[in-house]
Amino acid sequence: MASTTMAKINEDQVRKAVKALLKWKKLQSKKTHEPQNLNSLSDEEENEEDEVVDDNFIYLQLTLKKIPPKELTTPHKITLPNPFLHPLESFANICLIIDDRPRKLHNSKTKLDVETVQKKLNSEGVSITKVLKFTKLKSEYKSFDSKLDLYSSYELFLADKRVMNLLPGLLGKQFYKKKRKVPVPVDLRGNSSWKEEIERACSSTLLCLGSGTCSVLKIGRGGMENGEVMENVLAAIDGIIEFVPKKLNGVRAFHLKFSDSLALPVYEDLPDQSAK
């Protein structure tokens, strides 16, 4: 991490937030109907309410000082040292959207189909729960209910990079509103290793800056070791500040949270009250 960032990011505060959050999650698994309470684990208070979504991912919440320019709203991939999903494990619940359009539409020598893709994935030992054709997505997932069902069925979505710019209109607002299940692009062209490409995607998170000042990124999941989550938090912050305007000086705060937990601060650049 850049020295200028290290000087401002308090790693001890990150460590305490990670520890409190994972401890809370472990307790919540035993208390499914009791109200949440992080007070016994941390003195920090919730900074922002968020829509409750039932998942097991840990999110890094970014708050900018100013709304980003429109040219920066394209999803930006950030590599993490510790993957939160493993495509070689059968329990990884992943949907892969492939480009099966006519070859002339994407300048490819081959047209992908589900059978061909599954065969190649199996030969490389990669476990993908669902291979979904782009044409099927376009024709069979038109209603709000069908899109919501798709959204709820998988933990992670991967998509052929050739169709990435076409997906927002097809998948709908649910995928992009909270930025939690924006598909991660993968390159399925040529005879390169799909295993390596998918592993890289599962070791990445997407920074999706929107029309406001707040964004969220997946950086881990419940069950990971404290040290692994902390490494991912620091790597994500390092990747973010290289992309956002004015780098860390453009960031108001970073918070760490589960979708159903309080948001614990790991960095805050509060206004100087003495200047008033």
# chains A, B, ... in the order shown; residues from 1 in each chain; ligands from 1
call {"tool": "residues_around", "arguments": {"residues": "segment 149-154 of chain A", "least_positions_apart": "6", "cutoff": "7 Å", "atoms": "only C-alpha atoms", "output": "mmCIF file with N, CA and C atoms, in the first residue's frame"}}
result
data_model
loop_
_atom_site.group_PDB
_atom_site.id
_atom_site.type_symbol
_atom_site.label_atom_id
_atom_site.label_comp_id
_atom_site.auth_asym_id
_atom_site.auth_seq_id
_atom_site.Cartn_x
_atom_site.Cartn_y
_atom_site.Cartn_z
ATOM 1 N N ASN A 93 -21.650 -21.155 -5.232
ATOM 2 C CA ASN A 93 -22.909 -20.957 -5.951
ATOM 3 C C ASN A 93 -22.735 -19.835 -6.969
ATOM 4 N N ILE A 94 -22.292 -20.197 -8.185
ATOM 5 C CA ILE A 94 -21.891 -19.216 -9.193
ATOM 6 C C ILE A 94 -22.684 -19.410 -10.484
ATOM 7 N N CYS A 95 -23.114 -18.296 -11.063
ATOM 8 C CA CYS A 95 -23.781 -18.316 -12.371
ATOM 9 C C CYS A 95 -22.878 -17.631 -13.386
ATOM 10 N N PHE A 175 -29.942 -5.903 -9.628
ATOM 11 C CA PHE A 175 -28.535 -6.284 -9.690
ATOM 12 C C PHE A 175 -27.611 -5.095 -9.476
#
call {"tool": "select_by_dssp", "arguments": {"residues": "segment 109-229 of chain A", "states": "strand (DSSP E)", "output": "list in words"}}
result
Lys130, Val131, Leu132, Lys133, Leu156, Phe157, Leu158, Ala159, Asp160, Val184, Pro185, Val186, Ser204, Thr205, Leu206, Leu207, Cys214, Ser215, Val216, Leu217, Lys218, Ile219, Gly220 and Arg221 of chain A
call {"tool": "write_last_selection", "arguments": {"atoms": "N, CA and C atoms", "output": "PDB file, in the first residue's frame"}}
result
ATOM      1  N   LYS A 130     -24.411 -22.751 -12.571  1.00  0.00           N
ATOM      2  CA  LYS A 130     -25.310 -22.494 -13.689  1.00  0.00           C
ATOM      3  C   LYS A 130     -24.573 -21.799 -14.819  1.00  0.00           C
ATOM      4  N   VAL A 131     -24.678 -22.351 -16.029  1.00  0.00           N
ATOM      5  CA  VAL A 131     -24.193 -21.678 -17.238  1.00  0.00           C
ATOM      6  C   VAL A 131     -25.422 -21.166 -17.968  1.00  0.00           C
ATOM      7  N   LEU A 132     -25.529 -19.856 -18.091  1.00  0.00           N
ATOM      8  CA  LEU A 132     -26.720 -19.216 -18.659  1.00  0.00           C
ATOM      9  C   LEU A 132     -26.381 -18.528 -19.968  1.00  0.00           C
ATOM     10  N   LYS A 133     -27.079 -18.905 -21.026  1.00  0.00           N
ATOM     11  CA  LYS A 133     -26.856 -18.282 -22.330  1.00  0.00           C
ATOM     12  C   LYS A 133     -27.393 -16.851 -22.338  1.00  0.00           C
ATOM     13  N   LEU A 156     -22.732 -15.333  -6.730  1.00  0.00           N
ATOM     14  CA  LEU A 156     -21.832 -14.555  -7.588  1.00  0.00           C
ATOM     15  C   LEU A 156     -22.213 -14.767  -9.045  1.00  0.00           C
ATOM     16  N   PHE A 157     -22.159 -13.692  -9.811  1.00  0.00           N
ATOM     17  CA  PHE A 157     -22.421 -13.758 -11.245  1.00  0.00           C
ATOM     18  C   PHE A 157     -21.157 -13.374 -12.006  1.00  0.00           C
ATOM     19  N   LEU A 158     -20.789 -14.226 -12.958  1.00  0.00           N
ATOM     20  CA  LEU A 158     -19.693 -13.942 -13.884  1.00  0.00           C
ATOM     21  C   LEU A 158     -20.305 -13.790 -15.266  1.00  0.00           C
ATOM     22  N   ALA A 159     -19.678 -12.978 -16.115  1.00  0.00           N
ATOM     23  CA  ALA A 159     -20.227 -12.775 -17.457  1.00  0.00           C
ATOM     24  C   ALA A 159     -19.107 -12.578 -18.461  1.00  0.00           C
ATOM     25  N   ASP A 160     -19.302 -13.158 -19.645  1.00  0.00           N
ATOM     26  CA  ASP A 160     -18.384 -12.937 -20.757  1.00  0.00           C
ATOM     27  C   ASP A 160     -18.250 -11.431 -20.987  1.00  0.00           C
ATOM     28  N   VAL A 184     -19.170 -10.009 -12.650  1.00  0.00           N
ATOM     29  CA  VAL A 184     -17.734  -9.774 -12.819  1.00  0.00           C
ATOM     30  C   VAL A 184     -17.342 -10.248 -14.217  1.00  0.00           C
ATOM     31  N   PRO A 185     -16.672  -9.415 -15.013  1.00  0.00           N
ATOM     32  CA  PRO A 185     -16.316  -9.821 -16.381  1.00  0.00           C
ATOM     33  C   PRO A 185     -15.218 -10.872 -16.413  1.00  0.00           C
ATOM     34  N   VAL A 186     -15.358 -11.822 -17.340  1.00  0.00           N
ATOM     35  CA  VAL A 186     -14.325 -12.827 -17.599  1.00  0.00           C
ATOM     36  C   VAL A 186     -14.101 -12.916 -19.098  1.00  0.00           C
ATOM     37  N   SER A 204     -11.524 -11.158  -7.138  1.00  0.00           N
ATOM     38  CA  SER A 204     -11.662  -9.730  -7.436  1.00  0.00           C
ATOM     39  C   SER A 204     -12.964  -9.198  -6.871  1.00  0.00           C
ATOM     40  N   THR A 205     -13.010  -7.902  -6.709  1.00  0.00           N
ATOM     41  CA  THR A 205     -14.237  -7.218  -6.348  1.00  0.00           C
ATOM     42  C   THR A 205     -14.428  -6.063  -7.313  1.00  0.00           C
ATOM     43  N   LEU A 206     -15.653  -5.597  -7.461  1.00  0.00           N
ATOM     44  CA  LEU A 206     -15.952  -4.527  -8.408  1.00  0.00           C
ATOM     45  C   LEU A 206     -16.269  -3.236  -7.681  1.00  0.00           C
ATOM     46  N   LEU A 207     -15.574  -2.188  -8.092  1.00  0.00           N
ATOM     47  CA  LEU A 207     -15.900  -0.844  -7.621  1.00  0.00           C
ATOM     48  C   LEU A 207     -16.841  -0.224  -8.642  1.00  0.00           C
ATOM     49  N   CYS A 214     -22.050   7.234  -2.244  1.00  0.00           N
ATOM     50  CA  CYS A 214     -21.826   5.965  -1.543  1.00  0.00           C
ATOM     51  C   CYS A 214     -21.792   4.776  -2.503  1.00  0.00           C
ATOM     52  N   SER A 215     -20.872   3.853  -2.248  1.00  0.00           N
ATOM     53  CA  SER A 215     -20.764   2.611  -3.006  1.00  0.00           C
ATOM     54  C   SER A 215     -20.359   1.502  -2.046  1.00  0.00           C
ATOM     55  N   VAL A 216     -20.637   0.243  -2.433  1.00  0.00           N
ATOM     56  CA  VAL A 216     -20.216  -0.894  -1.619  1.00  0.00           C
ATOM     57  C   VAL A 216     -19.471  -1.897  -2.477  1.00  0.00           C
ATOM     58  N   LEU A 217     -18.509  -2.596  -1.863  1.00  0.00           N
ATOM     59  CA  LEU A 217     -17.733  -3.622  -2.540  1.00  0.00           C
ATOM     60  C   LEU A 217     -17.718  -4.873  -1.673  1.00  0.00           C
ATOM     61  N   LYS A 218     -17.846  -6.040  -2.274  1.00  0.00           N
ATOM     62  CA  LYS A 218     -17.656  -7.292  -1.555  1.00  0.00           C
ATOM     63  C   LYS A 218     -16.161  -7.460  -1.304  1.00  0.00           C
ATOM     64  N   ILE A 219     -15.797  -7.752  -0.049  1.00  0.00           N
ATOM     65  CA  ILE A 219     -14.377  -7.971   0.229  1.00  0.00           C
ATOM     66  C   ILE A 219     -14.135  -9.253   1.024  1.00  0.00           C
ATOM     67  N   GLY A 220     -15.200  -9.970   1.372  1.00  0.00           N
ATOM     68  CA  GLY A 220     -15.027 -11.209   2.120  1.00  0.00           C
ATOM     69  C   GLY A 220     -16.369 -11.825   2.435  1.00  0.00           C
ATOM     70  N   ARG A 221     -16.341 -12.835   3.285  1.00  0.00           N
ATOM     71  CA  ARG A 221     -17.577 -13.485   3.691  1.00  0.00           C
ATOM     72  C   ARG A 221     -17.396 -14.104   5.063  1.00  0.00           C
TER      73      ARG A 221
END
call {"tool": "residues_around", "arguments": {"residues": "Lys142 of chain A", "least_positions_apart": "5", "cutoff": "9 Å", "atoms": "only C-alpha atoms", "output": "number ranges by chain"}}
result
A: 137, 147, 170-171
call {"tool": "write_last_selection", "arguments": {"atoms": "N, CA, C and O atoms", "output": "mmCIF file, in the first residue's frame"}}
result
data_model
loop_
_atom_site.group_PDB
_atom_site.id
_atom_site.type_symbol
_atom_site.label_atom_id
_atom_site.label_comp_id
_atom_site.auth_asym_id
_atom_site.auth_seq_id
_atom_site.Cartn_x
_atom_site.Cartn_y
_atom_site.Cartn_z
ATOM 1 N N LEU A 137 -31.144 -15.456 -21.350
ATOM 2 C CA LEU A 137 -31.348 -14.351 -20.412
ATOM 3 C C LEU A 137 -32.241 -13.286 -21.043
ATOM 4 O O LEU A 137 -33.148 -12.751 -20.396
ATOM 5 N N LYS A 147 -36.403 -11.966 -12.863
ATOM 6 C CA LYS A 147 -35.100 -11.349 -12.597
ATOM 7 C C LYS A 147 -34.758 -11.421 -11.120
ATOM 8 O O LYS A 147 -33.607 -11.674 -10.745
ATOM 9 N N LEU A 170 -30.842 -5.773 -19.222
ATOM 10 C CA LEU A 170 -31.478 -7.089 -19.161
ATOM 11 C C LEU A 170 -31.660 -7.584 -17.725
ATOM 12 O O LEU A 170 -32.691 -8.178 -17.398
ATOM 13 N N LEU A 171 -30.682 -7.362 -16.880
ATOM 14 C CA LEU A 171 -30.747 -7.864 -15.515
ATOM 15 C C LEU A 171 -31.631 -7.002 -14.623
ATOM 16 O O LEU A 171 -32.245 -7.499 -13.681
#
call {"tool": "residues_around", "arguments": {"residues": "Lys111 of chain A", "least_positions_apart": "6", "cutoff": "7 Å", "atoms": "only C-alpha atoms", "output": "PyMOL selection string"}}
result
chain A and resi 100+102-103
call {"tool": "residues_around", "arguments": {"residues": "segment 61-78 of chain A", "least_positions_apart": "4", "cutoff": "10 Å", "atoms": "only C-alpha atoms", "output": "PyMOL selection string"}}
result
chain A and resi 48+164-165+179+182-185+201+203-219+235-240+243-245+248-257+263-269
call {"tool": "select_by_dssp", "arguments": {"residues": "segment 10-245 of chain A", "states": "alpha helix (DSSP H)", "output": "ChimeraX atom specification"}}
result
/A:11-28,114-123,134-140,144-153,167-171,173-177,194-202,226-241
call {"tool": "write_last_selection", "arguments": {"atoms": "C-alpha atoms", "output": "mmCIF file, in the first residue's frame"}}
result
data_model
loop_
_atom_site.group_PDB
_atom_site.id
_atom_site.type_symbol
_atom_site.label_atom_id
_atom_site.label_comp_id
_atom_site.auth_asym_id
_atom_site.auth_seq_id
_atom_site.Cartn_x
_atom_site.Cartn_y
_atom_site.Cartn_z
ATOM 1 C CA GLU A 11 -4.601 -0.749 10.687
ATOM 2 C CA ASP A 12 -5.422 -1.341 14.343
ATOM 3 C CA GLN A 13 -8.867 0.168 13.786
ATOM 4 C CA VAL A 14 -9.343 -2.080 10.734
ATOM 5 C CA ARG A 15 -8.291 -5.098 12.785
ATOM 6 C CA LYS A 16 -10.735 -4.291 15.596
ATOM 7 C CA ALA A 17 -13.614 -3.723 13.162
ATOM 8 C CA VAL A 18 -12.955 -7.042 11.394
ATOM 9 C CA LYS A 19 -12.753 -8.906 14.693
ATOM 10 C CA ALA A 20 -15.977 -7.359 16.004
ATOM 11 C CA LEU A 21 -17.862 -7.957 12.779
ATOM 12 C CA LEU A 22 -16.885 -11.622 12.438
ATOM 13 C CA LYS A 23 -17.588 -12.252 16.130
ATOM 14 C CA TRP A 24 -21.027 -10.675 15.753
ATOM 15 C CA LYS A 25 -21.777 -12.812 12.700
ATOM 16 C CA LYS A 26 -20.804 -15.956 14.552
ATOM 17 C CA LEU A 27 -23.170 -15.042 17.399
ATOM 18 C CA GLN A 28 -25.970 -14.156 14.966
ATOM 19 C CA VAL A 114 -23.831 -24.613 -22.708
ATOM 20 C CA GLU A 115 -22.582 -28.119 -23.520
ATOM 21 C CA THR A 116 -19.244 -26.879 -24.881
ATOM 22 C CA VAL A 117 -18.723 -24.550 -21.935
ATOM 23 C CA GLN A 118 -19.598 -27.193 -19.339
ATOM 24 C CA LYS A 119 -17.244 -29.669 -20.992
ATOM 25 C CA LYS A 120 -14.332 -27.229 -20.894
ATOM 26 C CA LEU A 121 -15.086 -26.216 -17.308
ATOM 27 C CA ASN A 122 -15.245 -29.848 -16.195
ATOM 28 C CA SER A 123 -11.970 -30.645 -17.961
ATOM 29 C CA PHE A 134 -27.118 -14.594 -23.125
ATOM 30 C CA THR A 135 -29.960 -15.284 -25.567
ATOM 31 C CA LYS A 136 -31.873 -17.195 -22.869
ATOM 32 C CA LEU A 137 -31.348 -14.351 -20.412
ATOM 33 C CA LYS A 138 -32.741 -11.967 -23.007
ATOM 34 C CA SER A 139 -35.777 -14.077 -23.917
ATOM 35 C CA GLU A 140 -36.802 -15.777 -20.665
ATOM 36 C CA PHE A 144 -39.470 -8.493 -12.566
ATOM 37 C CA ASP A 145 -40.193 -11.744 -10.699
ATOM 38 C CA SER A 146 -37.964 -13.827 -12.987
ATOM 39 C CA LYS A 147 -35.100 -11.349 -12.597
ATOM 40 C CA LEU A 148 -35.550 -11.296 -8.829
ATOM 41 C CA ASP A 149 -35.555 -15.093 -8.733
ATOM 42 C CA LEU A 150 -32.319 -15.158 -10.740
ATOM 43 C CA TYR A 151 -30.784 -12.546 -8.435
ATOM 44 C CA SER A 152 -31.652 -14.591 -5.347
ATOM 45 C CA SER A 153 -30.472 -17.926 -6.724
ATOM 46 C CA LEU A 167 -26.427 -6.602 -19.128
ATOM 47 C CA PRO A 168 -27.749 -3.606 -17.140
ATOM 48 C CA GLY A 169 -30.841 -3.332 -19.334
ATOM 49 C CA LEU A 170 -31.478 -7.089 -19.161
ATOM 50 C CA LEU A 171 -30.747 -7.864 -15.515
ATOM 51 C CA LYS A 173 -32.145 -2.493 -11.188
ATOM 52 C CA GLN A 174 -32.000 -5.207 -8.522
ATOM 53 C CA PHE A 175 -28.535 -6.284 -9.690
ATOM 54 C CA TYR A 176 -27.155 -2.766 -9.952
ATOM 55 C CA LYS A 177 -29.047 -0.730 -7.339
ATOM 56 C CA TRP A 194 -10.733 -20.581 -18.140
ATOM 57 C CA LYS A 195 -9.796 -21.909 -14.709
ATOM 58 C CA GLU A 196 -7.238 -19.139 -14.215
ATOM 59 C CA GLU A 197 -9.621 -16.515 -15.595
ATOM 60 C CA ILE A 198 -12.465 -17.567 -13.301
ATOM 61 C CA GLU A 199 -10.160 -17.851 -10.291
ATOM 62 C CA ARG A 200 -8.997 -14.282 -10.934
ATOM 63 C CA ALA A 201 -12.620 -13.166 -11.117
ATOM 64 C CA CYS A 202 -13.403 -14.891 -7.813
ATOM 65 C CA ASN A 226 -9.722 -12.413 10.536
ATOM 66 C CA GLY A 227 -6.338 -11.936 8.915
ATOM 67 C CA GLU A 228 -7.680 -12.819 5.466
ATOM 68 C CA VAL A 229 -10.496 -10.288 5.729
ATOM 69 C CA MET A 230 -8.118 -7.603 6.975
ATOM 70 C CA GLU A 231 -5.754 -8.206 4.058
ATOM 71 C CA ASN A 232 -8.689 -7.882 1.667
ATOM 72 C CA VAL A 233 -9.872 -4.650 3.305
ATOM 73 C CA LEU A 234 -6.447 -3.042 2.959
ATOM 74 C CA ALA A 235 -6.046 -4.266 -0.628
ATOM 75 C CA ALA A 236 -9.495 -2.949 -1.547
ATOM 76 C CA ILE A 237 -8.753 0.458 -0.035
ATOM 77 C CA ASP A 238 -5.471 0.588 -1.914
ATOM 78 C CA GLY A 239 -7.239 -0.243 -5.181
ATOM 79 C CA ILE A 240 -10.022 2.257 -4.579
ATOM 80 C CA ILE A 241 -7.805 5.243 -3.895
#
